[in-house]
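Shown next: input.txt, given as compact mmCIF, C-alpha atoms.
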# COMPACT_ATOMS: atom_id res chain seq x y z
CA MET D 1 16.73 -12.09 -25.81
CA GLU D 2 20.20 -13.40 -25.30
CA ARG D 3 20.97 -15.18 -22.11
CA LYS D 4 24.37 -16.04 -20.76
CA ASN D 5 25.16 -18.54 -18.06
CA ASP D 6 23.41 -18.56 -14.74
CA GLU D 7 26.09 -16.61 -12.84
CA ASN D 8 25.13 -13.64 -14.97
CA SER D 9 21.40 -14.00 -14.64
CA THR D 10 20.00 -11.35 -12.39
CA ALA D 11 16.70 -9.92 -11.37
CA ILE D 12 15.21 -7.22 -13.53
CA VAL D 13 13.06 -4.44 -12.09
CA GLU D 14 11.20 -2.65 -14.85
CA VAL D 15 8.95 0.37 -14.49
CA ILE D 16 6.38 0.02 -17.25
CA ASP D 17 5.31 3.47 -18.48
CA ASN D 18 1.73 4.15 -17.36
CA GLY D 19 1.62 0.60 -16.05
CA PRO D 20 2.78 -1.68 -13.28
CA LEU D 21 6.19 -2.53 -11.89
CA LYS D 22 7.41 -5.76 -13.45
CA ILE D 23 9.98 -7.75 -11.50
CA THR D 24 11.50 -10.95 -12.85
CA GLY D 25 14.24 -13.13 -11.44
CA GLN D 26 14.63 -14.63 -8.03
CA ILE D 27 12.53 -12.62 -5.69
CA VAL D 28 11.50 -12.80 -2.07
CA LEU D 29 8.32 -10.75 -1.83
CA LYS D 30 7.18 -9.57 1.59
CA ASP D 31 3.89 -7.84 2.19
CA LEU D 32 4.24 -6.28 5.64
CA LYS D 33 0.55 -5.46 6.07
CA LYS D 34 -0.73 -8.86 5.07
CA ASP D 35 2.23 -10.59 6.73
CA ILE D 36 2.93 -12.69 3.65
CA THR D 37 6.35 -13.86 2.47
CA ASP D 38 6.52 -15.51 -0.90
CA THR D 39 9.29 -16.60 -3.25
CA VAL D 40 8.35 -15.80 -6.82
CA THR D 41 10.05 -15.47 -10.19
CA GLU D 42 7.75 -12.97 -11.83
CA VAL D 43 5.43 -10.39 -10.38
CA TYR D 44 3.53 -7.30 -11.55
CA LEU D 45 2.97 -4.76 -8.78
CA CYS D 46 0.46 -1.92 -8.79
CA ARG D 47 1.94 1.59 -9.11
CA CYS D 48 -1.24 3.61 -9.57
CA GLY D 49 -2.87 2.89 -6.22
CA ARG D 50 -6.15 1.76 -7.78
CA SER D 51 -5.74 -2.02 -7.94
CA CYS D 52 -8.38 -4.06 -6.12
CA ASN D 53 -5.80 -6.82 -5.72
CA LYS D 54 -2.96 -4.89 -4.04
CA PRO D 55 -0.03 -5.19 -4.07
CA TYR D 56 -0.58 -6.81 -7.47
CA CYS D 57 -1.61 -5.05 -10.65
CA ASP D 58 -5.14 -5.84 -11.85
CA ASP D 59 -5.10 -3.50 -14.88
CA SER D 60 -7.15 -0.83 -13.07
CA HIS D 61 -4.63 1.77 -14.32
CA ARG D 62 -6.27 1.52 -17.74
CA ASN D 63 -9.65 2.75 -16.50
CA MET T 1 16.70 -23.08 -24.46
CA GLU T 2 16.15 -21.20 -21.24
CA ARG T 3 14.97 -17.65 -21.64
CA GLY T 4 14.25 -16.82 -18.03
CA LYS T 5 13.06 -18.64 -15.01
CA ASN T 6 9.38 -18.51 -15.87
CA SER T 7 9.72 -18.78 -19.60
CA PHE T 8 10.58 -21.73 -21.76
CA SER T 9 10.26 -22.51 -25.40
CA GLY T 10 6.62 -21.87 -26.31
CA GLY T 11 5.20 -20.62 -23.05
CA ARG T 12 5.47 -20.26 -19.31
CA ARG T 13 5.92 -22.48 -16.32
CA TYR T 14 4.42 -22.14 -12.86
CA ARG T 15 5.86 -24.14 -10.03
CA LYS T 16 4.90 -25.03 -6.49
CA ASP T 17 6.49 -27.51 -4.12
CA ASP T 18 5.22 -30.69 -5.79
CA ILE T 19 4.05 -29.84 -9.32
CA THR T 20 4.88 -27.64 -12.30
CA VAL T 21 2.12 -26.35 -14.58
CA TYR T 22 2.95 -25.33 -18.14
CA TRP T 23 1.02 -22.84 -20.20
CA LYS T 24 1.28 -22.63 -23.96
CA PRO T 25 -0.75 -19.57 -24.96
CA GLU T 26 -0.96 -20.23 -28.68
CA ALA T 27 -2.64 -23.59 -28.02
CA CYS T 28 -5.47 -22.05 -25.99
CA VAL T 29 -8.91 -22.18 -27.63
CA HIS T 30 -10.57 -20.34 -24.72
CA ALA T 31 -12.74 -23.25 -23.68
CA SER T 32 -12.52 -21.50 -20.26
CA TYR T 33 -12.74 -24.63 -18.07
CA CYS T 34 -9.73 -23.44 -16.10
CA TYR T 35 -11.11 -20.17 -14.80
CA ARG T 36 -14.73 -21.28 -14.56
CA GLU T 37 -13.65 -24.18 -12.38
CA LEU T 38 -10.86 -22.53 -10.43
CA ILE T 39 -10.66 -18.74 -10.59
CA GLU T 40 -8.49 -18.77 -7.45
CA VAL T 41 -5.70 -20.32 -9.51
CA PHE T 42 -6.49 -19.35 -13.11
CA ASP T 43 -7.50 -15.70 -13.24
CA PRO T 44 -7.11 -14.09 -16.67
CA GLY T 45 -7.49 -10.64 -15.10
CA ARG T 46 -4.50 -11.06 -12.81
CA ARG T 47 -0.75 -10.91 -13.50
CA PRO T 48 0.68 -13.47 -13.36
CA TRP T 49 -2.62 -15.11 -14.29
CA VAL T 50 -1.73 -18.47 -12.72
CA ASP T 51 -1.25 -18.66 -8.94
CA LEU T 52 -0.63 -22.22 -7.83
CA ASN T 53 -1.01 -21.23 -4.17
CA GLY T 54 -4.75 -20.74 -4.76
CA ALA T 55 -5.84 -24.37 -4.39
CA SER T 56 -4.70 -27.85 -3.42
CA THR T 57 -2.44 -29.81 -5.75
CA GLU T 58 -5.19 -32.41 -6.28
CA ARG T 59 -7.68 -29.77 -7.35
CA ILE T 60 -5.19 -28.01 -9.67
CA ILE T 61 -4.38 -31.32 -11.38
CA GLU T 62 -8.09 -32.07 -11.75
CA VAL T 63 -8.74 -28.74 -13.47
CA VAL T 64 -5.62 -28.80 -15.66
CA ASN T 65 -6.80 -32.21 -16.85
CA MET T 66 -10.01 -30.57 -18.08
CA CYS T 67 -8.14 -28.39 -20.59
CA PRO T 68 -9.14 -29.73 -24.03
CA THR T 69 -5.88 -28.67 -25.67
CA GLU T 70 -2.22 -28.74 -24.78
CA ALA T 71 -2.45 -25.15 -23.53
CA LEU T 72 -2.30 -26.36 -19.93
CA SER T 73 -0.27 -29.36 -18.88
CA TRP T 74 1.44 -30.43 -15.66
CA LYS T 75 4.05 -32.72 -14.20
CA TRP T 76 5.30 -33.82 -10.81
CA ASN T 77 8.55 -32.21 -9.66
CA ASP T 78 9.56 -35.65 -8.41
CA GLU T 79 10.83 -37.21 -11.64
CA GLY T 80 10.15 -40.74 -10.39
CA LYS T 81 6.42 -40.05 -10.06
CA ASN T 82 6.24 -38.90 -13.70
CA LYS T 83 7.02 -42.42 -14.83
CA GLU T 84 3.97 -43.95 -13.22
CA VAL T 85 1.10 -41.64 -14.18
CA SER T 86 -2.16 -43.29 -15.17
CA ALA T 87 -3.92 -42.65 -18.48
CA ASP T 88 -6.75 -40.73 -16.79
CA GLN T 89 -4.24 -37.95 -16.05
CA THR T 90 -5.00 -36.63 -19.51
CA ASN T 91 -2.97 -33.43 -19.32
CA HIS T 92 0.15 -34.80 -17.74
CA VAL T 93 3.06 -33.75 -19.98
CA LEU T 94 3.64 -37.41 -20.80
CA PHE T 95 0.41 -37.34 -22.85
CA ARG T 96 0.31 -33.71 -23.93
CA ARG T 97 3.87 -32.43 -24.28
CA PRO T 98 6.38 -35.22 -23.67
CA GLU T 99 9.28 -32.94 -24.61
CA LEU T 100 8.72 -31.17 -21.28
CA LEU T 101 9.52 -34.27 -19.23
CA LYS T 102 13.18 -33.41 -19.57
CA GLU T 103 12.68 -29.74 -18.91
CA THR T 104 14.21 -28.64 -15.62
CA GLU T 105 14.42 -25.36 -13.82
CA PRO T 106 17.66 -23.40 -13.66
CA PRO T 107 19.25 -23.49 -10.21
CA TRP T 108 18.07 -21.03 -7.61
CA GLN T 109 20.40 -18.07 -7.31
CA GLU T 110 22.20 -17.45 -4.03
CA ASN T 111 21.02 -13.90 -3.49
CA PRO T 112 17.37 -13.38 -4.29
CA VAL T 113 16.21 -9.79 -4.50
CA SER T 114 14.19 -8.59 -1.54
CA VAL T 115 10.93 -6.84 -2.43
CA LYS T 116 9.05 -5.37 0.52
CA ILE T 117 5.57 -3.95 0.28
CA MET T 118 5.54 -1.36 3.05
CA LYS T 119 2.31 -0.98 5.00
CA ASP T 120 0.28 1.75 3.23
CA GLY T 121 3.55 2.84 1.65
CA PRO T 122 6.08 2.23 -1.11
CA ILE T 123 7.73 -0.83 -2.63
CA VAL T 124 11.27 -1.17 -1.27
CA ILE T 125 13.65 -3.28 -3.36
CA LYS T 126 17.10 -4.37 -2.14
CA GLY T 127 19.89 -6.42 -3.64
CA ASP T 128 21.54 -6.98 -7.01
CA PHE T 129 19.29 -6.19 -9.94
CA THR T 130 18.93 -4.35 -13.22
CA PHE T 131 16.65 -1.33 -12.84
CA ASN T 132 14.91 -0.06 -15.98
CA TYR T 133 12.81 3.09 -15.83
CA SER T 134 11.93 5.92 -18.24
CA GLY T 135 14.57 4.81 -20.72
CA ASN T 136 17.29 4.51 -18.04
CA LYS T 137 19.06 1.26 -17.23
CA LYS T 138 21.02 0.94 -14.00
CA GLU T 139 22.90 -2.03 -12.64
CA MET T 140 22.29 -2.04 -8.89
CA LYS T 141 24.79 -3.83 -6.64
CA GLN T 142 23.47 -4.24 -3.13
CA GLY T 143 21.31 -1.30 -4.06
CA ILE T 144 18.11 -0.06 -2.50
CA ILE T 145 15.25 1.81 -4.13
CA SER T 146 11.85 2.92 -2.90
CA LEU T 147 9.13 3.11 -5.52
CA CYS T 148 5.75 4.85 -5.41
CA ARG T 149 2.73 2.61 -4.94
CA CYS T 150 0.03 5.23 -4.29
CA GLY T 151 0.19 6.93 -7.70
CA ALA T 152 0.61 10.44 -6.24
CA SER T 153 4.39 10.92 -6.13
CA ASN T 154 5.85 14.00 -7.79
CA GLN T 155 9.13 12.10 -8.28
CA MET T 156 7.86 9.14 -10.31
CA PRO T 157 8.68 6.31 -10.24
CA PHE T 158 10.19 6.97 -6.81
CA CYS T 159 8.38 7.41 -3.52
CA ASP T 160 8.42 10.99 -2.19
CA GLY T 161 6.21 10.45 0.83
CA MET T 162 2.99 11.63 -0.82
CA HIS T 163 1.20 8.43 0.30
CA ARG T 164 0.93 9.95 3.78
CA LYS T 165 -0.53 13.21 2.52
CA ILE T 166 -3.20 11.51 0.47
CA GLY T 167 -3.92 8.87 3.11
CA PHE T 168 -3.07 5.91 0.87
CA GLU T 169 -4.19 2.60 2.35
CA ASP T 170 -4.01 -1.02 1.31
CA GLU T 171 -7.39 -2.67 1.46

I'd like the structure from this file rewritten - as structure tokens, please.
Amino acid sequence: MERKNDENSTAIVEVIDNGPLKITGQIVLKDLKKDITDTVTEVYLCRCGRSCNKPYCDDSHRN
Amino acid sequence: MERGKNSFSGGRRYRKDDITVYWKPEACVHASYCYRELIEVFDPGRRPWVDLNGASTERIIEVVNMCPTEALSWKWNDEGKNKEVSADQTNHVLFRRPELLKETEPPWQENPVSVKIMKDGPIVIKGDFTFNYSGNKKEMKQGIISLCRCGASNQMPFCDGMHRKIGFEDE
């Protein structure tokens, strides 16, 4: 993967087919129910509703 | 060469306020000390599998030092402290992967993307980002999208309000 200078680096939101939402870059993640705010650089979020570790993916979509 | 904020040549980095932990997957021999000792931090079933918020710095260092290979190593973010580590800190990068002593993180970008997990609802993402879905690629500038989190939307990957109909709830 080619990478230019930092002015051009940006977050990437990727919907993985039949899988989670992958977000990379500089992210402020807020979970309104759990009242958590976190700064992260990579996260996989559940899209199927079955994860036991919401909002994160735990691979339950495969079952 | 930088390939992304969490990636570096040969693996990944995980950072908290005072330390950075490096993971080099091809060096792992699955001795499994990390997750048997500290599943809160090292959970192979989770993505990302390392969460440095799961335990104290002292405990994380203790467990990283148990790794029998160079798969897991660590360093202080305070460069000065890296010069005075004792030999019992077996997995400090000084002893395991000295090339990483010079490795620094790219500067934090001015406008981080906001990702909100709505209560029993969708994921709402705001800001500047590249959005890839179903073969499409869109450059979003101060954009906003709302993505399904309940699995029942008829407009995948977008939210269409179905979470209310099916009574979707976070645990």

Taking only C-alpha atoms into account, produce a table as CSV in which each residue of chain D with an atom at most 6 Å from an atom of chain T appears once, together with its shortest atom pair and the distance in Å to one decimal, ordered by chain and rising number.
residue,atom,partner,partner_atom,distance
D:Thr10,CA,T:Phe129,CA,5.8
D:Ala11,CA,T:Phe129,CA,4.8
D:Ile12,CA,T:Thr130,CA,4.7
D:Val13,CA,T:Phe131,CA,4.8
D:Glu14,CA,T:Asn132,CA,4.7
D:Val15,CA,T:Tyr133,CA,4.9
D:Gln26,CA,T:Pro112,CA,4.8
D:Ile27,CA,T:Val113,CA,4.8
D:Val28,CA,T:Ser114,CA,5.0
D:Leu29,CA,T:Val115,CA,4.7
D:Lys30,CA,T:Lys116,CA,4.7
D:Asp31,CA,T:Ile117,CA,4.6
D:Leu32,CA,T:Lys119,CA,5.7
D:Lys33,CA,T:Lys119,CA,4.9
D:Tyr44,CA,T:Arg47,CA,5.9
D:Arg47,CA,T:Arg149,CA,4.4
D:Cys48,CA,T:Gly151,CA,4.1
D:Gly49,CA,T:Cys150,CA,4.2
D:Asp58,CA,T:Arg46,CA,5.3

Length of the atom CA of Ala27 of chain T to atom CA of Leu72 of chain T vector [Å]
8.6 Å

Point-to-point distance in Å for atom CA of Cys67 of chain T and atom CA of Tyr35 of chain T:
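Spanning atom CA of Tyr35 of chain T to atom CA of Cys67 of chain T is a straight-line distance of 10.5 Å.
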
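If you look at atom CA of Arg12 of chain T and atom CA of Lys126 of chain T, they are 26.1 Å away from each other.
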
Taking into account only C-alpha atoms, which residue in the set T:Gly54, T:Trp74, T:Glu79, T:Pro25 is nearest to His92 of chain T?
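Closest to His92 of chain T, using only C-alpha atoms: T:Trp74.
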
Here is a test: counting only C-alpha atoms, which residue of T:Thr20, T:Gln155, T:Ser56, T:Ser73 is nearest to Thr90 of chain T?
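Among the listed residues, the smallest separation from Thr90 of chain T belongs to T:Ser73.
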
Residues near Glu62 of chain T, anyone? I mean within 10 Å using only C-alpha atoms, not counting same-chain ones fewer than 3 positions away, as a VMD selection string.
chain T and resid 34 37 56 to 59 65 to 67 89 to 91

Among the residues T:Lys81, T:Arg36, T:Lys24, T:Arg164, the one that comes closest to Arg97 of chain T [using all atoms listed in the file]:
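Going through T:Lys81, T:Arg36, T:Lys24, T:Arg164 one by one, the smallest distance to Arg97 of chain T is for T:Lys24.
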
Written-out segment 19-39 of chain D (N, CA and C atoms) as an mmCIF file, in the first residue's frame:
data_model
loop_
_atom_site.group_PDB
_atom_site.id
_atom_site.type_symbol
_atom_site.label_atom_id
_atom_site.label_comp_id
_atom_site.auth_asym_id
_atom_site.auth_seq_id
_atom_site.Cartn_x
_atom_site.Cartn_y
_atom_site.Cartn_z
ATOM 1 N N GLY D 19 -19.117 -9.188 7.195
ATOM 2 C CA GLY D 19 -18.239 -9.063 8.351
ATOM 3 C C GLY D 19 -18.405 -7.713 9.010
ATOM 4 N N PRO D 20 -17.447 -7.349 9.840
ATOM 5 C CA PRO D 20 -17.592 -6.124 10.633
ATOM 6 C C PRO D 20 -17.304 -4.844 9.844
ATOM 7 N N LEU D 21 -17.448 -3.731 10.530
ATOM 8 C CA LEU D 21 -17.041 -2.436 9.998
ATOM 9 C C LEU D 21 -15.630 -2.172 10.511
ATOM 10 N N LYS D 22 -14.708 -1.981 9.580
ATOM 11 C CA LYS D 22 -13.322 -1.716 9.969
ATOM 12 C C LYS D 22 -13.058 -0.225 9.803
ATOM 13 N N ILE D 23 -12.581 0.409 10.860
ATOM 14 C CA ILE D 23 -12.247 1.827 10.760
ATOM 15 C C ILE D 23 -10.792 2.002 11.192
ATOM 16 N N THR D 24 -9.999 2.626 10.320
ATOM 17 C CA THR D 24 -8.615 2.908 10.679
ATOM 18 C C THR D 24 -8.354 4.389 10.479
ATOM 19 N N GLY D 25 -7.386 4.903 11.209
ATOM 20 C CA GLY D 25 -7.079 6.322 11.125
ATOM 21 C C GLY D 25 -7.159 6.934 12.503
ATOM 22 N N GLN D 26 -7.470 8.197 12.551
ATOM 23 C CA GLN D 26 -7.543 8.859 13.848
ATOM 24 C C GLN D 26 -9.005 9.045 14.219
ATOM 25 N N ILE D 27 -9.384 8.308 15.224
ATOM 26 C CA ILE D 27 -10.799 8.103 15.507
ATOM 27 C C ILE D 27 -11.094 8.458 16.961
ATOM 28 N N VAL D 28 -12.177 9.192 17.159
ATOM 29 C CA VAL D 28 -12.714 9.352 18.505
ATOM 30 C C VAL D 28 -13.985 8.528 18.555
ATOM 31 N N LEU D 29 -13.958 7.472 19.352
ATOM 32 C CA LEU D 29 -15.083 6.542 19.427
ATOM 33 C C LEU D 29 -15.889 6.839 20.693
ATOM 34 N N LYS D 30 -17.182 7.098 20.496
ATOM 35 C CA LYS D 30 -18.053 7.332 21.653
ATOM 36 C C LYS D 30 -19.129 6.273 21.691
ATOM 37 N N ASP D 31 -19.258 5.630 22.825
ATOM 38 C CA ASP D 31 -20.359 4.694 23.026
ATOM 39 C C ASP D 31 -21.339 5.373 23.975
ATOM 40 N N LEU D 32 -22.493 5.797 23.435
ATOM 41 C CA LEU D 32 -23.407 6.623 24.222
ATOM 42 C C LEU D 32 -24.065 5.837 25.351
ATOM 43 N N LYS D 33 -24.287 4.527 25.131
ATOM 44 C CA LYS D 33 -24.938 3.751 26.190
ATOM 45 C C LYS D 33 -23.968 3.483 27.344
ATOM 46 N N LYS D 34 -22.750 3.136 26.981
ATOM 47 C CA LYS D 34 -21.782 2.815 28.036
ATOM 48 C C LYS D 34 -21.052 4.056 28.525
ATOM 49 N N ASP D 35 -21.333 5.196 27.900
ATOM 50 C CA ASP D 35 -20.716 6.462 28.284
ATOM 51 C C ASP D 35 -19.192 6.372 28.260
ATOM 52 N N ILE D 36 -18.681 5.826 27.155
ATOM 53 C CA ILE D 36 -17.235 5.690 26.999
ATOM 54 C C ILE D 36 -16.786 6.564 25.834
ATOM 55 N N THR D 37 -15.703 7.298 26.012
ATOM 56 C CA THR D 37 -15.071 7.995 24.893
ATOM 57 C C THR D 37 -13.637 7.508 24.832
ATOM 58 N N ASP D 38 -13.218 7.125 23.624
ATOM 59 C CA ASP D 38 -11.893 6.545 23.491
ATOM 60 C C ASP D 38 -11.266 7.051 22.199
ATOM 61 N N THR D 39 -9.974 7.321 22.221
ATOM 62 C CA THR D 39 -9.295 7.648 20.968
ATOM 63 C C THR D 39 -8.543 6.408 20.530
#
